[in-house]
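Peer 1: start_20.txt is reproduced below (compact mmCIF, C-alpha atoms).
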```
# COMPACT_ATOMS: atom_id res chain seq x y z
CA MET F 22 -43.32 -142.06 101.71
CA ARG F 23 -46.21 -144.41 102.53
CA ASN F 24 -47.61 -143.67 99.09
CA VAL F 25 -44.27 -144.16 97.35
CA ALA F 26 -44.00 -147.87 98.28
CA PRO F 27 -47.23 -149.01 96.53
CA LEU F 28 -46.41 -146.81 93.53
CA THR F 29 -42.98 -148.45 93.37
CA GLN F 30 -44.57 -151.91 93.46
CA ARG F 31 -47.00 -150.84 90.74
CA GLU F 32 -44.19 -149.61 88.49
CA LEU F 33 -42.03 -152.66 89.14
CA ALA F 34 -44.92 -155.01 88.33
CA ALA F 35 -45.66 -153.07 85.13
CA SER F 36 -41.99 -153.30 84.14
CA PHE F 37 -41.93 -157.08 84.52
CA LEU F 38 -45.14 -157.37 82.50
CA SER F 39 -43.58 -155.36 79.67
CA PRO F 40 -41.71 -157.40 77.01
CA ILE F 41 -39.21 -154.57 76.49
CA ALA F 42 -37.76 -155.21 79.95
CA TYR F 43 -36.94 -158.81 79.00
CA VAL F 44 -35.49 -157.77 75.64
CA VAL F 45 -33.25 -155.15 77.28
CA GLY F 46 -32.26 -157.60 80.02
CA CYS F 47 -31.38 -160.28 77.46
CA VAL F 48 -29.24 -157.90 75.39
CA PHE F 49 -27.59 -156.63 78.57
CA LEU F 50 -26.74 -160.18 79.66
CA LEU F 51 -25.36 -161.08 76.23
CA PHE F 52 -23.22 -157.97 76.07
CA THR F 53 -21.78 -158.21 79.58
CA GLY F 54 -21.17 -161.96 79.26
CA TYR F 55 -19.44 -161.67 75.90
CA TYR F 56 -17.31 -158.70 76.99
CA PHE F 57 -16.34 -160.40 80.24
CA VAL F 58 -15.18 -163.57 78.50
CA THR F 59 -13.37 -161.86 75.63
CA GLN F 60 -11.89 -158.78 77.32
CA VAL F 61 -11.72 -159.38 81.08
CA LEU F 62 -11.32 -163.10 81.76
CA VAL F 63 -8.16 -163.35 79.66
CA PRO F 64 -4.92 -164.98 80.87
CA GLY F 65 -2.35 -162.32 81.74
CA ASN F 66 -4.87 -159.50 82.18
CA GLU F 67 -5.18 -157.53 85.39
CA ALA F 68 -7.63 -159.09 87.88
CA SER F 69 -10.09 -156.23 87.56
CA MET F 70 -13.66 -155.76 86.38
CA ARG F 71 -12.94 -152.12 85.58
CA PRO F 72 -13.01 -152.60 81.76
CA LEU F 73 -16.40 -154.30 82.02
CA PHE F 74 -17.89 -151.52 84.14
CA ALA F 75 -16.51 -148.86 81.79
CA ALA F 76 -18.07 -150.62 78.80
CA MET F 77 -21.38 -151.01 80.64
CA THR F 78 -21.74 -147.22 80.95
CA GLY F 79 -21.90 -147.08 77.17
CA ILE F 80 -24.63 -149.69 76.72
CA LEU F 81 -26.66 -148.18 79.58
CA VAL F 82 -26.97 -144.97 77.56
CA PHE F 83 -29.24 -146.92 75.22
CA ALA F 84 -30.65 -149.53 77.62
CA VAL F 85 -31.95 -147.32 80.44
CA PRO F 86 -34.08 -144.99 78.25
CA LEU F 87 -35.79 -148.11 76.89
CA LEU F 88 -36.67 -149.09 80.46
CA THR F 89 -37.99 -145.63 81.38
CA MET F 90 -39.68 -144.63 78.10
CA ARG F 91 -43.08 -146.04 79.11
CA ALA F 92 -42.98 -144.83 82.74
CA VAL F 93 -44.89 -141.56 82.23
CA ALA F 94 -45.49 -141.49 78.46
CA GLU F 95 -47.72 -144.57 78.69
CA GLU F 96 -49.80 -142.94 81.41
CA PHE F 97 -50.50 -140.01 79.06
CA SER F 98 -51.14 -142.15 75.97
CA THR F 99 -53.58 -144.51 77.72
CA GLY F 100 -55.28 -141.78 79.76
CA THR F 101 -54.50 -143.39 83.11
CA ILE F 102 -52.62 -140.26 84.14
CA GLU F 103 -55.96 -138.61 85.00
CA THR F 104 -56.86 -141.44 87.38
CA LEU F 105 -53.40 -141.34 88.89
CA MET F 106 -53.47 -137.58 89.40
CA THR F 107 -56.90 -137.68 91.07
CA ALA F 108 -55.64 -140.27 93.59
CA PRO F 109 -54.48 -138.97 96.99
CA VAL F 110 -50.83 -138.78 95.91
CA THR F 111 -48.58 -135.88 94.96
CA ASP F 112 -46.64 -135.41 91.72
CA ALA F 113 -43.40 -135.98 93.61
CA GLU F 114 -44.67 -139.28 95.04
CA VAL F 115 -45.68 -140.49 91.57
CA ILE F 116 -42.27 -139.69 90.09
CA LEU F 117 -40.41 -141.17 93.07
CA GLY F 118 -42.48 -144.34 92.85
CA LYS F 119 -41.64 -144.72 89.18
CA PHE F 120 -37.99 -143.87 89.83
CA PHE F 121 -37.55 -146.50 92.55
CA GLY F 122 -39.49 -149.07 90.50
CA VAL F 123 -37.13 -148.74 87.53
CA LEU F 124 -34.13 -148.51 89.87
CA ALA F 125 -35.09 -151.86 91.44
CA LEU F 126 -35.30 -153.39 87.96
CA TYR F 127 -31.91 -151.90 87.09
CA ALA F 128 -30.40 -153.24 90.33
CA ALA F 129 -31.67 -156.72 89.40
CA MET F 130 -29.98 -156.40 86.00
CA LEU F 131 -26.77 -155.25 87.66
CA ALA F 132 -26.89 -158.23 90.03
CA THR F 133 -26.57 -160.55 87.03
CA THR F 134 -22.92 -159.47 86.77
CA ILE F 135 -22.09 -160.90 90.21
CA PRO F 136 -21.43 -164.40 88.76
CA HIS F 137 -18.69 -162.75 86.68
CA LEU F 138 -17.05 -161.56 89.88
CA ILE F 139 -17.37 -165.02 91.43
CA MET F 140 -15.76 -166.56 88.36
CA MET F 141 -12.92 -164.05 88.49
CA MET F 142 -12.34 -164.80 92.18
CA ALA F 143 -12.01 -168.48 91.31
CA TYR F 144 -9.03 -167.76 89.05
CA SER F 145 -7.50 -164.64 90.61
CA LYS F 146 -7.57 -162.29 93.58
CA PRO F 147 -9.31 -159.04 92.63
CA GLN F 148 -9.40 -156.16 95.10
CA LEU F 149 -12.87 -156.53 96.57
CA GLY F 150 -12.88 -152.99 97.97
CA VAL F 151 -12.38 -151.55 94.50
CA VAL F 152 -15.09 -153.82 93.10
CA LEU F 153 -17.49 -152.71 95.84
CA PHE F 154 -16.94 -149.03 95.07
CA SER F 155 -17.38 -149.81 91.37
CA TYR F 156 -20.79 -151.33 92.09
CA VAL F 157 -21.70 -148.24 94.13
CA GLY F 158 -20.71 -146.14 91.14
CA MET F 159 -22.81 -148.34 88.83
CA LEU F 160 -25.86 -147.86 91.07
CA LEU F 161 -25.35 -144.09 91.10
CA ILE F 162 -24.81 -143.81 87.36
CA GLY F 163 -27.91 -145.95 86.87
CA ALA F 164 -29.90 -143.61 89.12
CA LEU F 165 -28.64 -140.64 87.08
CA TYR F 166 -29.59 -142.26 83.77
CA ILE F 167 -33.01 -143.26 85.12
CA SER F 168 -33.66 -139.65 86.20
CA VAL F 169 -32.86 -138.42 82.69
CA GLY F 170 -35.01 -141.17 81.20
CA LEU F 171 -37.97 -140.19 83.38
CA PHE F 172 -37.54 -136.57 82.37
CA ALA F 173 -37.67 -137.62 78.71
CA SER F 174 -40.75 -139.75 79.38
CA CYS F 175 -42.48 -136.72 80.91
CA CYS F 176 -41.85 -134.66 77.75
CA THR F 177 -44.03 -136.68 75.39
CA ARG F 178 -46.81 -139.25 75.20
CA HIS F 179 -44.91 -141.24 72.56
CA GLN F 180 -42.70 -143.93 74.10
CA LEU F 181 -40.19 -144.24 71.25
CA LEU F 182 -39.73 -140.49 71.14
CA ALA F 183 -39.13 -140.51 74.89
CA ALA F 184 -36.44 -143.17 74.40
CA VAL F 185 -34.77 -141.12 71.65
CA ILE F 186 -34.80 -137.97 73.79
CA GLY F 187 -33.29 -139.84 76.73
CA MET F 188 -30.60 -141.44 74.57
CA GLY F 189 -29.76 -138.07 73.03
CA ILE F 190 -29.31 -136.33 76.38
CA LEU F 191 -27.29 -139.18 77.86
CA SER F 192 -25.12 -139.41 74.74
CA ILE F 193 -24.15 -135.76 75.15
CA PHE F 194 -22.97 -136.20 78.74
CA THR F 195 -21.41 -139.62 78.16
CA PHE F 196 -19.79 -139.39 74.71
CA LEU F 197 -19.82 -135.89 73.20
CA VAL F 198 -18.65 -133.97 76.28
CA ASP F 199 -15.49 -136.08 76.48
CA TYR F 200 -14.88 -135.66 72.74
CA PHE F 201 -15.27 -131.86 72.65
CA ALA F 202 -13.14 -131.39 75.79
CA ASP F 203 -10.06 -132.13 73.65
CA PHE F 204 -10.74 -129.12 71.40
CA ALA F 205 -12.05 -126.60 73.94
CA GLY F 206 -10.15 -123.88 75.77
CA PRO F 207 -9.03 -124.23 79.40
CA ARG F 208 -12.18 -122.69 80.93
CA VAL F 209 -14.61 -124.52 78.68
CA ARG F 210 -12.66 -127.75 79.13
CA GLY F 211 -13.02 -127.41 82.91
CA VAL F 212 -16.81 -127.07 82.58
CA LEU F 213 -17.03 -130.00 80.17
CA MET F 214 -14.97 -132.23 82.43
CA TYR F 215 -17.17 -131.27 85.37
CA VAL F 216 -20.27 -132.65 83.59
CA ASN F 217 -18.38 -135.60 82.07
CA VAL F 218 -20.17 -138.66 83.44
CA PRO F 219 -17.48 -141.30 82.59
CA ALA F 220 -14.78 -139.13 84.16
CA HIS F 221 -16.63 -139.06 87.47
CA PHE F 222 -17.47 -142.76 87.26
CA ASP F 223 -13.79 -143.52 86.66
CA GLU F 224 -13.07 -142.43 90.25
CA PHE F 225 -15.29 -145.22 91.58
CA THR F 226 -13.63 -147.85 89.39
CA LYS F 227 -10.31 -146.85 90.97
CA GLY F 228 -11.71 -147.49 94.45
CA ILE F 229 -12.02 -143.76 95.25
CA LEU F 230 -15.20 -142.58 96.95
CA ASP F 231 -15.22 -138.88 96.06
CA THR F 232 -18.31 -136.93 97.17
CA LYS F 233 -17.78 -134.55 94.23
CA SER F 234 -18.28 -137.42 91.79
```
Hey, can you dump this file as structure tokens for me?
Peer 2:
Amino acid sequence: MRNVAPLTQRELAASFLSPIAYVVGCVFLLFTGYYFVTQVLVPGNEASMRPLFAAMTGILVFAVPLLTMRAVAEEFSTGTIETLMTAPVTDAEVILGKFFGVLALYAAMLATTIPHLIMMMAYSKPQLGVVLFSYVGMLLIGALYISVGLFASCCTRHQLLAAVIGMGILSIFTFLVDYFADFAGPRVRGVLMYVNVPAHFDEFTKGILDTKS
């Protein structure tokens, strides 16, 4: 793990030097801010950030692969992968360093939604325990999406193709699985619901910490 920390710092620094991180962060802020004001912070609505978190899972399908697309693909395209592989680090340490680097960036993006919670607390009394579990679920779903994004980035040296592959895989488990579950038989429906990401995340937004999810 001593090698993972500097690799994480390297990946985090590279992420902040990349303009795509700022573009994704800006779009993320605009989306969450607009949705919070128009759909959550509405007189008469339930004092809950659950609708915002549910909507965020959808935009993360497209945002996270953009953050991870350069992680490994850029190393192959620029040739720096050879230097990295000849360093005294293992493949697992390289991937973990990149994973934690992107995860730290994602956590910073997620932290930008805390002012929404503070604003809601000024006008209502949300259940903080439920909100806490929702944030735990957001961190876990972000870690899942980042893992898929890194896998896609390992499949090609082309960054845009890596982003498309990641978005395609995440779209299947986030959107299509839920759609096809309505038409499948009982056994197939059970399998589809087991790999349905929003269904598992929904448990966290209810304040339920289920180890299965």
Peer 1: Determine, using all atoms listed in the file, which residues of stretch 176-196 of chain F have any atom at most 8 Å from an atom of stretch 86-103 of chain F, and tabulate each with its shortest atom pair and distance in Å to one decimal place, rows ordered by chain and then rising number, as CSV.
Peer 2:
```
residue,atom,partner,partner_atom,distance
F:Cys176,CA,F:Ala94,CA,7.8
F:Thr177,CA,F:Ala94,CA,5.9
F:Arg178,CA,F:Ala94,CA,4.2
F:His179,CA,F:Ala94,CA,5.9
F:Gln180,CA,F:Met90,CA,5.1
F:Leu181,CA,F:Met90,CA,6.9
F:Ala183,CA,F:Met90,CA,5.3
F:Ala184,CA,F:Pro86,CA,4.9
F:Val185,CA,F:Pro86,CA,7.7
F:Gly187,CA,F:Pro86,CA,5.4
F:Met188,CA,F:Pro86,CA,6.2
```
Peer 1: If I take atom CA of F:Ala132 and atom CA of F:Arg31, how far is one from the other in Å, to one decimal?
Peer 2: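 Computed distance, atom CA of F:Ala132 to atom CA of F:Arg31, equals 21.4 Å.
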Peer 1: Let me make sure I understand: among F:Leu171, F:Ile229, F:Ile193, F:Ala220, which one has the smallest atom-to-atom distance to F:Phe120 if we use only C-alpha atoms?
Peer 2: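 Closest candidate: F:Leu171.
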Peer 1: Using only C-alpha atoms, can you tell me which of F:Leu191, F:Ala108, F:Met140, F:Leu28 comes closest to F:Val63?
Peer 2: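 Among the listed residues, the smallest separation from F:Val63 belongs to F:Met140.
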Peer 1: My list of candidates is F:Val151, F:Val157, F:Ile186, F:Ile116. Which is closest to F:Met70 when distances are computed with only C-alpha atoms?
Peer 2: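 Looking only at the distances to F:Met70, the closest residue turns out to be F:Val151.
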Peer 1: Within 6 Å of (-10.0, -149.4, 87.5) (coordinates as in the file), grab all the protein and nucleic acid residues, counting only C-alpha atoms, and write them out as a VMD selection string.
Peer 2: chain F and resid 71 226 to 227
Peer 1: Would you list the contacts of F:Thr53 as a tab-separated table (two decimals) with C-alpha atoms, in the frame of the given file, taking every protein, DNA or RNA residue within 12 Å and counting all atoms listed in the file, but skipping same-chain residues closer than 5 positions in sequence?
Peer 2:
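Once everything was written out, this is part_5.tsv:
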```tsv
chain	number	residue	atom	x	y	z
F	46	GLY	CA	-32.26	-157.60	80.02
F	47	CYS	CA	-31.38	-160.28	77.46
F	48	VAL	CA	-29.24	-157.90	75.39
F	58	VAL	CA	-15.18	-163.57	78.50
F	59	THR	CA	-13.37	-161.86	75.63
F	60	GLN	CA	-11.89	-158.78	77.32
F	61	VAL	CA	-11.72	-159.38	81.08
F	62	LEU	CA	-11.32	-163.10	81.76
F	70	MET	CA	-13.66	-155.76	86.38
F	72	PRO	CA	-13.01	-152.60	81.76
F	73	LEU	CA	-16.40	-154.30	82.02
F	74	PHE	CA	-17.89	-151.52	84.14
F	75	ALA	CA	-16.51	-148.86	81.79
F	76	ALA	CA	-18.07	-150.62	78.80
F	77	MET	CA	-21.38	-151.01	80.64
F	78	THR	CA	-21.74	-147.22	80.95
F	79	GLY	CA	-21.90	-147.08	77.17
F	80	ILE	CA	-24.63	-149.69	76.72
F	81	LEU	CA	-26.66	-148.18	79.58
F	130	MET	CA	-29.98	-156.40	86.00
F	131	LEU	CA	-26.77	-155.25	87.66
F	132	ALA	CA	-26.89	-158.23	90.03
F	133	THR	CA	-26.57	-160.55	87.03
F	134	THR	CA	-22.92	-159.47	86.77
F	135	ILE	CA	-22.09	-160.90	90.21
F	136	PRO	CA	-21.43	-164.40	88.76
F	137	HIS	CA	-18.69	-162.75	86.68
F	138	LEU	CA	-17.05	-161.56	89.88
```
Peer 1: Quick one: of F:Gly158, F:Gly118, F:Gly170, F:Gly150, who's nearest to F:Thr29, counting all atoms listed in the file?
Peer 2: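 When distances to F:Thr29 are compared using all atoms listed in the file, the smallest one comes from F:Gly118.
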Peer 1: For each of F:Val209, F:Asp203, F:Leu38, F:Arg23, take the minimum atom-to-atom distance to F:Thr111, counting all atoms listed in the file, then give the residue where this is smallest.
Peer 2: F:Arg23
Peer 1: May I ask you to restore N, CA and C atoms in stretch 145-161 of chain F and write the result as a PDB file, in the frame of the given file?
Peer 2:
```pdb
ATOM      1  N   SER F 145      -8.418-165.703  90.240  1.00  0.00           N
ATOM      2  CA  SER F 145      -7.500-164.640  90.610  1.00  0.00           C
ATOM      3  C   SER F 145      -7.938-164.026  91.937  1.00  0.00           C
ATOM      4  N   LYS F 146      -7.265-162.958  92.326  1.00  0.00           N
ATOM      5  CA  LYS F 146      -7.570-162.290  93.580  1.00  0.00           C
ATOM      6  C   LYS F 146      -7.820-160.798  93.324  1.00  0.00           C
ATOM      7  N   PRO F 147      -9.005-160.457  92.859  1.00  0.00           N
ATOM      8  CA  PRO F 147      -9.310-159.040  92.630  1.00  0.00           C
ATOM      9  C   PRO F 147      -9.453-158.291  93.953  1.00  0.00           C
ATOM     10  N   GLN F 148      -9.251-156.983  93.914  1.00  0.00           N
ATOM     11  CA  GLN F 148      -9.400-156.160  95.100  1.00  0.00           C
ATOM     12  C   GLN F 148     -10.908-155.915  95.331  1.00  0.00           C
ATOM     13  N   LEU F 149     -11.434-156.577  96.355  1.00  0.00           N
ATOM     14  CA  LEU F 149     -12.870-156.530  96.570  1.00  0.00           C
ATOM     15  C   LEU F 149     -13.354-155.132  96.947  1.00  0.00           C
ATOM     16  N   GLY F 150     -12.498-154.363  97.624  1.00  0.00           N
ATOM     17  CA  GLY F 150     -12.880-152.990  97.970  1.00  0.00           C
ATOM     18  C   GLY F 150     -13.106-152.147  96.727  1.00  0.00           C
ATOM     19  N   VAL F 151     -12.235-152.290  95.756  1.00  0.00           N
ATOM     20  CA  VAL F 151     -12.380-151.550  94.500  1.00  0.00           C
ATOM     21  C   VAL F 151     -13.629-151.994  93.762  1.00  0.00           C
ATOM     22  N   VAL F 152     -13.889-153.297  93.770  1.00  0.00           N
ATOM     23  CA  VAL F 152     -15.090-153.820  93.100  1.00  0.00           C
ATOM     24  C   VAL F 152     -16.350-153.288  93.774  1.00  0.00           C
ATOM     25  N   LEU F 153     -16.340-153.222  95.107  1.00  0.00           N
ATOM     26  CA  LEU F 153     -17.490-152.710  95.840  1.00  0.00           C
ATOM     27  C   LEU F 153     -17.784-151.264  95.473  1.00  0.00           C
ATOM     28  N   PHE F 154     -16.739-150.431  95.442  1.00  0.00           N
ATOM     29  CA  PHE F 154     -16.940-149.030  95.070  1.00  0.00           C
ATOM     30  C   PHE F 154     -17.402-148.914  93.621  1.00  0.00           C
ATOM     31  N   SER F 155     -16.942-149.824  92.773  1.00  0.00           N
ATOM     32  CA  SER F 155     -17.380-149.810  91.370  1.00  0.00           C
ATOM     33  C   SER F 155     -18.872-150.096  91.273  1.00  0.00           C
ATOM     34  N   TYR F 156     -19.352-151.034  92.086  1.00  0.00           N
ATOM     35  CA  TYR F 156     -20.790-151.330  92.090  1.00  0.00           C
ATOM     36  C   TYR F 156     -21.590-150.144  92.639  1.00  0.00           C
ATOM     37  N   VAL F 157     -21.037-149.459  93.632  1.00  0.00           N
ATOM     38  CA  VAL F 157     -21.700-148.240  94.130  1.00  0.00           C
ATOM     39  C   VAL F 157     -21.796-147.215  93.018  1.00  0.00           C
ATOM     40  N   GLY F 158     -20.699-147.056  92.276  1.00  0.00           N
ATOM     41  CA  GLY F 158     -20.710-146.140  91.140  1.00  0.00           C
ATOM     42  C   GLY F 158     -21.711-146.541  90.079  1.00  0.00           C
ATOM     43  N   MET F 159     -21.846-147.859  89.827  1.00  0.00           N
ATOM     44  CA  MET F 159     -22.810-148.340  88.830  1.00  0.00           C
ATOM     45  C   MET F 159     -24.241-148.035  89.272  1.00  0.00           C
ATOM     46  N   LEU F 160     -24.516-148.183  90.566  1.00  0.00           N
ATOM     47  CA  LEU F 160     -25.860-147.860  91.070  1.00  0.00           C
ATOM     48  C   LEU F 160     -26.148-146.365  90.914  1.00  0.00           C
ATOM     49  N   LEU F 161     -25.154-145.538  91.204  1.00  0.00           N
ATOM     50  CA  LEU F 161     -25.350-144.090  91.100  1.00  0.00           C
ATOM     51  C   LEU F 161     -25.511-143.647  89.659  1.00  0.00           C
TER      52      LEU F 161
END
```
